[in-house]
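Undergrad: Got a structure for you, structure_32.cif, holding mmCIF, N, CA, C and O atoms.
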data_model
#
loop_
_atom_site.label_atom_id
_atom_site.label_comp_id
_atom_site.auth_asym_id
_atom_site.auth_seq_id
_atom_site.Cartn_x
_atom_site.Cartn_y
_atom_site.Cartn_z
N HIS G 3 81.61 88.09 105.75
CA HIS G 3 83.05 87.98 105.59
C HIS G 3 83.71 88.17 106.95
O HIS G 3 83.29 89.04 107.73
N PRO G 4 84.76 87.44 107.25
CA PRO G 4 85.42 87.59 108.55
C PRO G 4 86.14 88.94 108.74
O PRO G 4 86.36 89.37 109.86
N SER G 5 86.49 89.59 107.67
CA SER G 5 87.23 90.86 107.76
C SER G 5 86.27 92.04 107.92
O SER G 5 85.44 92.28 107.04
N PRO G 6 86.41 92.82 109.01
CA PRO G 6 85.58 94.02 109.16
C PRO G 6 85.77 94.99 107.99
O PRO G 6 84.83 95.64 107.56
N PHE G 7 86.98 95.08 107.48
CA PHE G 7 87.23 95.98 106.34
C PHE G 7 86.39 95.57 105.14
O PHE G 7 85.80 96.42 104.47
N MET G 8 86.33 94.29 104.85
CA MET G 8 85.55 93.82 103.70
C MET G 8 84.06 94.03 103.92
O MET G 8 83.33 94.37 102.99
N ARG G 9 83.59 93.86 105.15
CA ARG G 9 82.18 94.12 105.44
C ARG G 9 81.87 95.60 105.26
O ARG G 9 80.84 95.97 104.70
N ARG G 10 82.76 96.46 105.73
CA ARG G 10 82.58 97.90 105.54
C ARG G 10 82.53 98.24 104.06
O ARG G 10 81.70 99.04 103.62
N LEU G 11 83.42 97.67 103.30
CA LEU G 11 83.47 97.92 101.86
C LEU G 11 82.16 97.51 101.19
O LEU G 11 81.63 98.23 100.33
N PHE G 12 81.63 96.36 101.58
CA PHE G 12 80.36 95.89 101.01
C PHE G 12 79.25 96.91 101.26
O PHE G 12 78.53 97.30 100.35
N TRP G 13 79.10 97.34 102.52
CA TRP G 13 78.01 98.26 102.86
C TRP G 13 78.20 99.62 102.21
O TRP G 13 77.24 100.25 101.77
N TYR G 14 79.44 100.08 102.13
CA TYR G 14 79.71 101.36 101.46
C TYR G 14 79.34 101.27 99.98
O TYR G 14 78.73 102.18 99.42
N HIS G 15 79.72 100.17 99.34
CA HIS G 15 79.39 99.97 97.93
C HIS G 15 77.88 99.98 97.71
O HIS G 15 77.38 100.60 96.77
N GLN G 16 77.14 99.30 98.59
CA GLN G 16 75.68 99.27 98.45
C GLN G 16 75.09 100.68 98.61
O GLN G 16 74.17 101.06 97.89
N ALA G 17 75.62 101.47 99.53
CA ALA G 17 75.16 102.85 99.70
C ALA G 17 75.48 103.67 98.46
O ALA G 17 74.64 104.42 97.96
N ARG G 18 76.67 103.52 97.96
CA ARG G 18 77.11 104.30 96.79
C ARG G 18 76.26 104.00 95.56
O ARG G 18 75.97 104.90 94.77
N LEU G 19 75.85 102.76 95.40
CA LEU G 19 74.98 102.42 94.27
C LEU G 19 73.69 103.24 94.30
O LEU G 19 73.11 103.52 93.25
N ARG G 20 73.27 103.66 95.48
CA ARG G 20 72.04 104.41 95.60
C ARG G 20 72.26 105.92 95.47
O ARG G 20 71.53 106.60 94.78
N TRP G 21 73.31 106.44 96.11
CA TRP G 21 73.44 107.90 96.09
C TRP G 21 74.04 108.44 94.81
O TRP G 21 73.97 109.64 94.55
N THR G 22 74.60 107.61 93.95
CA THR G 22 75.15 108.11 92.69
C THR G 22 74.09 108.29 91.63
O THR G 22 74.41 108.65 90.50
N GLY G 23 72.84 108.03 91.97
CA GLY G 23 71.76 108.27 91.04
C GLY G 23 71.39 107.09 90.17
O GLY G 23 70.52 107.19 89.32
N GLN G 24 72.07 105.98 90.36
CA GLN G 24 71.72 104.80 89.60
C GLN G 24 70.42 104.21 90.14
O GLN G 24 70.05 104.47 91.28
N ALA G 25 69.76 103.42 89.33
CA ALA G 25 68.59 102.71 89.81
C ALA G 25 69.05 101.73 90.90
O ALA G 25 70.03 101.01 90.68
N PRO G 26 68.40 101.74 92.05
CA PRO G 26 68.83 100.83 93.11
C PRO G 26 68.77 99.37 92.65
O PRO G 26 67.84 98.97 91.95
N PRO G 27 69.75 98.58 93.03
CA PRO G 27 69.72 97.17 92.67
C PRO G 27 68.54 96.47 93.36
O PRO G 27 67.99 97.00 94.33
N PRO G 28 68.19 95.30 92.88
CA PRO G 28 67.00 94.62 93.43
C PRO G 28 67.24 93.90 94.76
O PRO G 28 66.43 93.06 95.14
N ASN G 29 68.29 94.24 95.48
CA ASN G 29 68.60 93.53 96.72
C ASN G 29 68.22 94.29 97.99
O ASN G 29 68.64 93.92 99.09
N THR G 30 67.42 95.33 97.87
CA THR G 30 67.11 96.17 99.03
C THR G 30 66.44 95.40 100.15
O THR G 30 66.79 95.57 101.32
N GLU G 31 65.48 94.56 99.83
CA GLU G 31 64.78 93.79 100.88
C GLU G 31 65.76 92.94 101.67
O GLU G 31 65.72 92.92 102.91
N SER G 32 66.66 92.25 100.98
CA SER G 32 67.61 91.38 101.70
C SER G 32 68.62 92.22 102.48
O SER G 32 69.03 91.83 103.58
N LEU G 33 68.99 93.39 101.97
CA LEU G 33 69.88 94.28 102.72
C LEU G 33 69.21 94.73 104.01
O LEU G 33 69.82 94.72 105.08
N LEU G 34 67.96 95.14 103.91
CA LEU G 34 67.25 95.60 105.10
C LEU G 34 67.07 94.47 106.12
O LEU G 34 67.21 94.70 107.33
N ASP G 35 66.79 93.27 105.63
CA ASP G 35 66.69 92.12 106.55
C ASP G 35 68.01 91.93 107.30
O ASP G 35 68.03 91.71 108.50
N SER G 36 69.12 92.04 106.57
CA SER G 36 70.44 91.88 107.18
C SER G 36 70.75 93.01 108.16
O SER G 36 71.28 92.78 109.25
N LEU G 37 70.41 94.24 107.78
CA LEU G 37 70.62 95.38 108.67
C LEU G 37 69.85 95.20 109.97
O LEU G 37 70.40 95.41 111.06
N GLU G 38 68.60 94.79 109.86
CA GLU G 38 67.77 94.61 111.05
C GLU G 38 68.30 93.48 111.94
O GLU G 38 68.22 93.57 113.16
N ALA G 39 68.84 92.45 111.33
CA ALA G 39 69.30 91.29 112.09
C ALA G 39 70.68 91.49 112.71
O ALA G 39 70.95 90.96 113.78
N ARG G 40 71.57 92.25 112.04
CA ARG G 40 72.97 92.26 112.45
C ARG G 40 73.54 93.60 112.92
O ARG G 40 74.59 93.63 113.55
N MET G 41 72.88 94.68 112.58
CA MET G 41 73.49 95.99 112.81
C MET G 41 73.76 96.28 114.29
O MET G 41 74.80 96.85 114.63
N ALA G 42 72.88 95.87 115.16
CA ALA G 42 73.03 96.19 116.58
C ALA G 42 74.28 95.58 117.20
O ALA G 42 74.89 96.17 118.08
N GLU G 43 74.70 94.41 116.72
CA GLU G 43 75.84 93.71 117.32
C GLU G 43 77.13 93.84 116.51
O GLU G 43 78.14 93.25 116.88
N GLU G 44 77.10 94.57 115.43
CA GLU G 44 78.26 94.63 114.54
C GLU G 44 79.40 95.47 115.14
O GLU G 44 79.19 96.29 116.02
N ASP G 45 80.60 95.25 114.62
CA ASP G 45 81.78 96.05 114.96
C ASP G 45 81.43 97.52 114.71
O ASP G 45 80.78 97.84 113.71
N PRO G 46 81.83 98.44 115.61
CA PRO G 46 81.43 99.84 115.47
C PRO G 46 81.76 100.48 114.11
O PRO G 46 80.96 101.26 113.59
N ASP G 47 82.90 100.16 113.53
CA ASP G 47 83.22 100.74 112.21
C ASP G 47 82.29 100.21 111.12
O ASP G 47 81.87 100.94 110.23
N VAL G 48 81.98 98.94 111.19
CA VAL G 48 81.07 98.34 110.23
C VAL G 48 79.66 98.86 110.48
O VAL G 48 78.91 99.17 109.55
N GLN G 49 79.31 99.00 111.74
CA GLN G 49 77.99 99.50 112.13
C GLN G 49 77.74 100.88 111.53
O GLN G 49 76.64 101.15 111.02
N TRP G 50 78.74 101.74 111.59
CA TRP G 50 78.58 103.08 111.01
C TRP G 50 78.28 102.99 109.52
O TRP G 50 77.40 103.69 109.00
N THR G 51 78.98 102.12 108.81
CA THR G 51 78.79 101.98 107.37
C THR G 51 77.44 101.36 107.06
O THR G 51 76.79 101.74 106.08
N MET G 52 76.99 100.44 107.88
CA MET G 52 75.66 99.87 107.71
C MET G 52 74.60 100.95 107.91
O MET G 52 73.62 101.03 107.15
N ASN G 53 74.79 101.79 108.91
CA ASN G 53 73.89 102.90 109.17
C ASN G 53 73.85 103.85 107.96
O ASN G 53 72.78 104.30 107.54
N PHE G 54 75.02 104.12 107.42
CA PHE G 54 75.15 104.98 106.23
C PHE G 54 74.36 104.39 105.07
O PHE G 54 73.62 105.10 104.38
N CYS G 55 74.47 103.09 104.86
CA CYS G 55 73.75 102.42 103.79
C CYS G 55 72.24 102.51 104.03
O CYS G 55 71.48 102.83 103.11
N ALA G 56 71.80 102.24 105.25
CA ALA G 56 70.37 102.33 105.57
C ALA G 56 69.85 103.74 105.31
O ALA G 56 68.72 103.91 104.83
N GLY G 57 70.66 104.74 105.60
CA GLY G 57 70.28 106.12 105.33
C GLY G 57 70.04 106.37 103.86
O GLY G 57 69.02 106.94 103.47
N TRP G 58 70.93 105.92 103.03
CA TRP G 58 70.78 106.15 101.59
C TRP G 58 69.65 105.33 101.00
O TRP G 58 68.99 105.76 100.05
N ILE G 59 69.38 104.17 101.56
CA ILE G 59 68.19 103.42 101.13
C ILE G 59 66.96 104.26 101.46
O ILE G 59 66.07 104.44 100.62
N GLY G 60 66.89 104.76 102.68
CA GLY G 60 65.74 105.56 103.10
C GLY G 60 65.56 106.83 102.30
O GLY G 60 64.43 107.28 102.07
N ILE G 61 66.64 107.40 101.85
CA ILE G 61 66.57 108.64 101.07
C ILE G 61 66.13 108.37 99.64
O ILE G 61 65.24 109.05 99.12
N HIS G 62 66.72 107.40 98.99
CA HIS G 62 66.49 107.18 97.57
C HIS G 62 65.45 106.13 97.23
O HIS G 62 65.10 105.98 96.06
N GLU G 63 64.93 105.43 98.24
CA GLU G 63 63.91 104.42 97.97
C GLU G 63 62.72 104.68 98.90
O GLU G 63 62.62 104.07 99.98
N PRO G 64 61.83 105.58 98.50
CA PRO G 64 60.72 105.98 99.37
C PRO G 64 59.88 104.81 99.89
O PRO G 64 59.35 104.89 101.00
N ALA G 65 59.78 103.74 99.15
CA ALA G 65 59.00 102.59 99.59
C ALA G 65 59.59 101.96 100.86
O ALA G 65 58.88 101.29 101.60
N HIS G 66 60.87 102.19 101.11
CA HIS G 66 61.55 101.60 102.26
C HIS G 66 61.90 102.63 103.34
O HIS G 66 62.53 102.30 104.34
N ARG G 67 61.50 103.87 103.12
CA ARG G 67 61.87 104.96 104.03
C ARG G 67 61.40 104.71 105.46
O ARG G 67 62.17 104.84 106.41
N ALA G 68 60.15 104.36 105.63
CA ALA G 68 59.61 104.15 106.98
C ALA G 68 60.34 103.02 107.70
O ALA G 68 60.60 103.11 108.90
N ARG G 69 60.70 101.99 106.97
CA ARG G 69 61.43 100.87 107.58
C ARG G 69 62.81 101.31 108.05
O ARG G 69 63.27 100.92 109.13
N CYS G 70 63.48 102.15 107.27
CA CYS G 70 64.80 102.65 107.66
C CYS G 70 64.71 103.59 108.87
O CYS G 70 65.54 103.51 109.77
N VAL G 71 63.71 104.45 108.87
CA VAL G 71 63.51 105.35 110.01
C VAL G 71 63.21 104.53 111.26
O VAL G 71 63.77 104.79 112.34
N ALA G 72 62.37 103.52 111.14
CA ALA G 72 62.03 102.67 112.29
C ALA G 72 63.27 101.93 112.81
O ALA G 72 63.44 101.80 114.03
N LEU G 73 64.13 101.49 111.91
CA LEU G 73 65.37 100.84 112.32
C LEU G 73 66.22 101.81 113.15
O LEU G 73 66.73 101.46 114.21
N GLY G 74 66.35 103.03 112.66
CA GLY G 74 67.11 104.03 113.39
C GLY G 74 66.53 104.35 114.75
O GLY G 74 67.25 104.48 115.74
N GLU G 75 65.21 104.45 114.81
CA GLU G 75 64.56 104.72 116.10
C GLU G 75 64.75 103.56 117.06
O GLU G 75 64.99 103.77 118.25
N ARG G 76 64.63 102.35 116.56
CA ARG G 76 64.75 101.17 117.42
C ARG G 76 66.17 101.03 117.98
O ARG G 76 66.36 100.79 119.16
N LEU G 77 67.18 101.22 117.12
CA LEU G 77 68.57 101.06 117.56
C LEU G 77 69.09 102.29 118.30
O LEU G 77 69.94 102.18 119.18
N GLY G 78 68.64 103.47 117.90
CA GLY G 78 69.07 104.70 118.56
C GLY G 78 70.53 105.05 118.34
O GLY G 78 71.09 105.85 119.09
N LEU G 79 71.15 104.44 117.34
CA LEU G 79 72.57 104.72 117.07
C LEU G 79 72.77 106.19 116.71
O LEU G 79 72.03 106.73 115.88
N TYR G 80 73.74 106.81 117.32
CA TYR G 80 74.17 108.17 117.03
C TYR G 80 73.14 109.23 117.45
O TYR G 80 73.32 110.41 117.15
N LYS G 81 72.08 108.82 118.14
CA LYS G 81 71.09 109.78 118.62
C LYS G 81 71.76 110.65 119.68
O LYS G 81 72.40 110.16 120.59
N GLY G 82 71.61 111.93 119.54
CA GLY G 82 72.17 112.86 120.50
C GLY G 82 73.64 113.20 120.28
O GLY G 82 74.20 113.98 121.04
N ASP G 83 74.26 112.60 119.27
CA ASP G 83 75.66 112.96 118.97
C ASP G 83 75.73 114.41 118.53
O ASP G 83 74.87 114.89 117.79
N LYS G 84 76.75 115.10 118.99
CA LYS G 84 76.97 116.48 118.55
C LYS G 84 77.47 116.46 117.11
O LYS G 84 78.29 115.64 116.74
N VAL G 85 76.95 117.41 116.33
CA VAL G 85 77.29 117.51 114.92
C VAL G 85 77.76 118.93 114.64
O VAL G 85 77.13 119.89 115.09
N SER G 86 78.83 119.06 113.90
CA SER G 86 79.33 120.38 113.53
C SER G 86 78.29 121.13 112.69
O SER G 86 77.53 120.51 111.94
N LYS G 87 78.31 122.43 112.80
CA LYS G 87 77.39 123.27 112.04
C LYS G 87 77.54 122.98 110.55
O LYS G 87 78.65 122.89 110.03
N GLY G 88 76.42 122.80 109.89
CA GLY G 88 76.42 122.52 108.47
C GLY G 88 76.55 121.05 108.11
O GLY G 88 76.46 120.68 106.95
N CYS G 89 76.76 120.20 109.11
CA CYS G 89 76.88 118.76 108.85
C CYS G 89 75.56 118.06 109.15
O CYS G 89 74.76 118.54 109.92
N THR G 90 75.37 116.93 108.53
CA THR G 90 74.16 116.14 108.73
C THR G 90 74.41 115.09 109.80
O THR G 90 75.42 114.39 109.74
N PRO G 91 73.50 114.95 110.77
CA PRO G 91 73.70 113.94 111.81
C PRO G 91 73.61 112.53 111.25
O PRO G 91 72.95 112.29 110.24
N ALA G 92 74.26 111.58 111.92
CA ALA G 92 74.24 110.19 111.48
C ALA G 92 73.03 109.43 112.02
O ALA G 92 72.78 108.30 111.59
N TYR G 93 72.28 110.02 112.95
CA TYR G 93 71.08 109.36 113.47
C TYR G 93 70.08 109.21 112.32
O TYR G 93 69.67 110.20 111.71
N LEU G 94 69.73 107.98 111.99
CA LEU G 94 68.96 107.69 110.79
C LEU G 94 67.72 108.55 110.58
O LEU G 94 67.56 109.10 109.48
N PRO G 95 66.82 108.68 111.54
CA PRO G 95 65.63 109.49 111.27
C PRO G 95 65.97 110.93 110.86
O PRO G 95 65.35 111.47 109.93
N GLU G 96 66.94 111.53 111.51
CA GLU G 96 67.34 112.90 111.16
C GLU G 96 68.09 112.94 109.83
O GLU G 96 67.85 113.82 109.01
N PHE G 97 69.00 112.02 109.63
CA PHE G 97 69.76 111.95 108.38
C PHE G 97 68.82 111.85 107.19
O PHE G 97 68.93 112.61 106.22
N ILE G 98 67.87 110.93 107.28
CA ILE G 98 66.93 110.73 106.17
C ILE G 98 66.06 111.97 105.98
O ILE G 98 65.89 112.45 104.86
N ARG G 99 65.53 112.52 107.06
CA ARG G 99 64.65 113.70 106.95
C ARG G 99 65.38 114.86 106.30
O ARG G 99 64.86 115.50 105.36
N ILE G 100 66.57 115.16 106.75
CA ILE G 100 67.34 116.30 106.23
C ILE G 100 67.71 116.09 104.76
O ILE G 100 67.54 116.98 103.93
N GLU G 101 68.20 114.91 104.43
CA GLU G 101 68.64 114.66 103.06
C GLU G 101 67.46 114.61 102.08
O GLU G 101 67.58 115.06 100.95
N VAL G 102 66.32 114.09 102.51
CA VAL G 102 65.14 114.09 101.64
C VAL G 102 64.69 115.53 101.41
O VAL G 102 64.35 115.91 100.28
N ALA G 103 64.70 116.35 102.45
CA ALA G 103 64.30 117.76 102.31
C ALA G 103 65.23 118.50 101.35
O ALA G 103 64.77 119.36 100.58
N LYS G 104 66.52 118.20 101.38
CA LYS G 104 67.47 118.85 100.46
C LYS G 104 67.14 118.56 99.01
O LYS G 104 67.39 119.36 98.13
N ARG G 105 66.58 117.37 98.77
CA ARG G 105 66.30 116.94 97.41
C ARG G 105 64.90 117.33 96.95
O ARG G 105 64.51 117.04 95.84
N GLY G 106 64.15 117.99 97.84
CA GLY G 106 62.83 118.49 97.51
C GLY G 106 61.83 117.40 97.33
O GLY G 106 60.88 117.35 96.73
#
Kindly transcribe the structure held in the file into structure tokens.
TA:
Amino acid sequence: HPSPFMRRLFWYHQARLRWTGQAPPPNTESLLDSLEARMAEEDPDVQWTMNFCAGWIGIHEPAHRARCVALGERLGLYKGDKVSKGCTPAYLPEFIRIEVAKRG
């Protein structure tokens, strides 16, 4: 979509479908293909939401966890960002590790 707002909304919706406890929709493979192809060059606001979606895929879909972590390592987005005490970092490998640990 040409509108960054609409792209952000799409990625947020896809993340929300996963973290609300619903069964993930069957589009994960195509989402990950799109994330890998477009995330590095996307508008920063959209990029953050794409990263957020990749995180929730990695947390709630163990079969895709390694792919999400590898994406985060390759792009390095938000690596080294300072995070307030008690907050979870946005760097994908750390975000996924911490959130998976919280869920046991």
Undergrad: Tell me, as a count of residues only, which residues lie within 8 Å of Gly78 of chain G, counting all atoms listed in the file; anything in the same chain fewer than 5 positions away does not count.
TA: 7
Undergrad: The PyMOL selection byres ((chain G and resi 37-53) around 7) - which residues does that actually catch in the file I just gave you? List them as a list in words.
TA: Pro6, Arg9, Arg10, Trp13, Tyr14, Ala17, Glu31, Ser32, Leu33, Leu34, Asp35, Ser36, Phe54, Cys55, Ala56, Gly57, Trp58, Ile59, Leu73, Leu77, Ala92 and Leu94 of chain G
Undergrad: The selected residues should be written to file as a PDB file, keeping the file's coordinate frame (atoms: N, CA, C and O atoms).
TA:
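The result, written out as out08.pdb:
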ATOM      1  N   PRO G   6      86.410  92.820 109.010  1.00  0.00           N
ATOM      2  CA  PRO G   6      85.580  94.020 109.160  1.00  0.00           C
ATOM      3  C   PRO G   6      85.770  94.990 107.990  1.00  0.00           C
ATOM      4  O   PRO G   6      84.830  95.640 107.560  1.00  0.00           O
ATOM      5  N   ARG G   9      83.590  93.860 105.150  1.00  0.00           N
ATOM      6  CA  ARG G   9      82.180  94.120 105.440  1.00  0.00           C
ATOM      7  C   ARG G   9      81.870  95.600 105.260  1.00  0.00           C
ATOM      8  O   ARG G   9      80.840  95.970 104.700  1.00  0.00           O
ATOM      9  N   ARG G  10      82.760  96.460 105.730  1.00  0.00           N
ATOM     10  CA  ARG G  10      82.580  97.900 105.540  1.00  0.00           C
ATOM     11  C   ARG G  10      82.530  98.240 104.060  1.00  0.00           C
ATOM     12  O   ARG G  10      81.700  99.040 103.620  1.00  0.00           O
ATOM     13  N   TRP G  13      79.100  97.340 102.520  1.00  0.00           N
ATOM     14  CA  TRP G  13      78.010  98.260 102.860  1.00  0.00           C
ATOM     15  C   TRP G  13      78.200  99.620 102.210  1.00  0.00           C
ATOM     16  O   TRP G  13      77.240 100.250 101.770  1.00  0.00           O
ATOM     17  N   TYR G  14      79.440 100.080 102.130  1.00  0.00           N
ATOM     18  CA  TYR G  14      79.710 101.360 101.460  1.00  0.00           C
ATOM     19  C   TYR G  14      79.340 101.270  99.980  1.00  0.00           C
ATOM     20  O   TYR G  14      78.730 102.180  99.420  1.00  0.00           O
ATOM     21  N   ALA G  17      75.620 101.470  99.530  1.00  0.00           N
ATOM     22  CA  ALA G  17      75.160 102.850  99.700  1.00  0.00           C
ATOM     23  C   ALA G  17      75.480 103.670  98.460  1.00  0.00           C
ATOM     24  O   ALA G  17      74.640 104.420  97.960  1.00  0.00           O
ATOM     25  N   GLU G  31      65.480  94.560  99.830  1.00  0.00           N
ATOM     26  CA  GLU G  31      64.780  93.790 100.880  1.00  0.00           C
ATOM     27  C   GLU G  31      65.760  92.940 101.670  1.00  0.00           C
ATOM     28  O   GLU G  31      65.720  92.920 102.910  1.00  0.00           O
ATOM     29  N   SER G  32      66.660  92.250 100.980  1.00  0.00           N
ATOM     30  CA  SER G  32      67.610  91.380 101.700  1.00  0.00           C
ATOM     31  C   SER G  32      68.620  92.220 102.480  1.00  0.00           C
ATOM     32  O   SER G  32      69.030  91.830 103.580  1.00  0.00           O
ATOM     33  N   LEU G  33      68.990  93.390 101.970  1.00  0.00           N
ATOM     34  CA  LEU G  33      69.880  94.280 102.720  1.00  0.00           C
ATOM     35  C   LEU G  33      69.210  94.730 104.010  1.00  0.00           C
ATOM     36  O   LEU G  33      69.820  94.720 105.080  1.00  0.00           O
ATOM     37  N   LEU G  34      67.960  95.140 103.910  1.00  0.00           N
ATOM     38  CA  LEU G  34      67.250  95.600 105.100  1.00  0.00           C
ATOM     39  C   LEU G  34      67.070  94.470 106.120  1.00  0.00           C
ATOM     40  O   LEU G  34      67.210  94.700 107.330  1.00  0.00           O
ATOM     41  N   ASP G  35      66.790  93.270 105.630  1.00  0.00           N
ATOM     42  CA  ASP G  35      66.690  92.120 106.550  1.00  0.00           C
ATOM     43  C   ASP G  35      68.010  91.930 107.300  1.00  0.00           C
ATOM     44  O   ASP G  35      68.030  91.710 108.500  1.00  0.00           O
ATOM     45  N   SER G  36      69.120  92.040 106.570  1.00  0.00           N
ATOM     46  CA  SER G  36      70.440  91.880 107.180  1.00  0.00           C
ATOM     47  C   SER G  36      70.750  93.010 108.160  1.00  0.00           C
ATOM     48  O   SER G  36      71.280  92.780 109.250  1.00  0.00           O
ATOM     49  N   PHE G  54      75.020 104.120 107.420  1.00  0.00           N
ATOM     50  CA  PHE G  54      75.150 104.980 106.230  1.00  0.00           C
ATOM     51  C   PHE G  54      74.360 104.390 105.070  1.00  0.00           C
ATOM     52  O   PHE G  54      73.620 105.100 104.380  1.00  0.00           O
ATOM     53  N   CYS G  55      74.470 103.090 104.860  1.00  0.00           N
ATOM     54  CA  CYS G  55      73.750 102.420 103.790  1.00  0.00           C
ATOM     55  C   CYS G  55      72.240 102.510 104.030  1.00  0.00           C
ATOM     56  O   CYS G  55      71.480 102.830 103.110  1.00  0.00           O
ATOM     57  N   ALA G  56      71.800 102.240 105.250  1.00  0.00           N
ATOM     58  CA  ALA G  56      70.370 102.330 105.570  1.00  0.00           C
ATOM     59  C   ALA G  56      69.850 103.740 105.310  1.00  0.00           C
ATOM     60  O   ALA G  56      68.720 103.910 104.830  1.00  0.00           O
ATOM     61  N   GLY G  57      70.660 104.740 105.600  1.00  0.00           N
ATOM     62  CA  GLY G  57      70.280 106.120 105.330  1.00  0.00           C
ATOM     63  C   GLY G  57      70.040 106.370 103.860  1.00  0.00           C
ATOM     64  O   GLY G  57      69.020 106.940 103.470  1.00  0.00           O
ATOM     65  N   TRP G  58      70.930 105.920 103.030  1.00  0.00           N
ATOM     66  CA  TRP G  58      70.780 106.150 101.590  1.00  0.00           C
ATOM     67  C   TRP G  58      69.650 105.330 101.000  1.00  0.00           C
ATOM     68  O   TRP G  58      68.990 105.760 100.050  1.00  0.00           O
ATOM     69  N   ILE G  59      69.380 104.170 101.560  1.00  0.00           N
ATOM     70  CA  ILE G  59      68.190 103.420 101.130  1.00  0.00           C
ATOM     71  C   ILE G  59      66.960 104.260 101.460  1.00  0.00           C
ATOM     72  O   ILE G  59      66.070 104.440 100.620  1.00  0.00           O
ATOM     73  N   LEU G  73      64.130 101.490 111.910  1.00  0.00           N
ATOM     74  CA  LEU G  73      65.370 100.840 112.320  1.00  0.00           C
ATOM     75  C   LEU G  73      66.220 101.810 113.150  1.00  0.00           C
ATOM     76  O   LEU G  73      66.730 101.460 114.210  1.00  0.00           O
ATOM     77  N   LEU G  77      67.180 101.220 117.120  1.00  0.00           N
ATOM     78  CA  LEU G  77      68.570 101.060 117.560  1.00  0.00           C
ATOM     79  C   LEU G  77      69.090 102.290 118.300  1.00  0.00           C
ATOM     80  O   LEU G  77      69.940 102.180 119.180  1.00  0.00           O
ATOM     81  N   ALA G  92      74.260 111.580 111.920  1.00  0.00           N
ATOM     82  CA  ALA G  92      74.240 110.190 111.480  1.00  0.00           C
ATOM     83  C   ALA G  92      73.030 109.430 112.020  1.00  0.00           C
ATOM     84  O   ALA G  92      72.780 108.300 111.590  1.00  0.00           O
ATOM     85  N   LEU G  94      69.730 107.980 111.990  1.00  0.00           N
ATOM     86  CA  LEU G  94      68.960 107.690 110.790  1.00  0.00           C
ATOM     87  C   LEU G  94      67.720 108.550 110.580  1.00  0.00           C
ATOM     88  O   LEU G  94      67.560 109.100 109.480  1.00  0.00           O
TER      89      LEU G  94
END
Undergrad: Work out how far atom CA of Pro26 of chain G is from atom CA of Val85 of chain G, in Å to one decimal.
TA: 28.7 Å
Undergrad: Measure the distance from atom C of Glu96 of chain G to atom C of Asn29 of chain G in Å and round it to one decimal.
TA: 22.1 Å
Undergrad: With only C-alpha atoms as the basis for distance, which of G:Arg76, G:Leu11, G:Lys87, G:Gly23 is at the shortest distance from Glu63 of chain G?
TA: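 Ranked by minimum distance to Glu63 of chain G, first place goes to G:Gly23.
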Undergrad: Under the rule that only N, CA, C and O atoms are counted, which of G:Gly60, G:Pro28, G:Pro4, G:Gly74 is the nearest residue to Ile98 of chain G?
TA: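 Between G:Gly60, G:Pro28, G:Pro4, G:Gly74, the residue approaching Ile98 of chain G most closely is G:Gly60.
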Undergrad: What does the distance between atom N of Pro27 of chain G and atom O of Glu101 of chain G come to in Å, to one decimal place?
TA: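 Interatomic distance here is 18.4 Å.
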Undergrad: Smallest atom-to-atom distance to Ala103 of chain G: which of G:Ser5, G:Ile61, G:Ser86, G:Gln24, using only C-alpha atoms?
TA: G:Ile61
Undergrad: Which residues in chain G does DSSP call helix (DSSP H, G or I)? List them as a PyMOL selection string.
TA: chain G and resi 6-21+30-43+46-62+64-77+94-104
Undergrad: Rank nothing, just name the residue among G:His62, G:His15, G:His3, G:Arg20 nearest to Val102 of chain G, using only N, CA, C and O atoms.
TA: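 Smallest distance to Val102 of chain G is found for G:His62.
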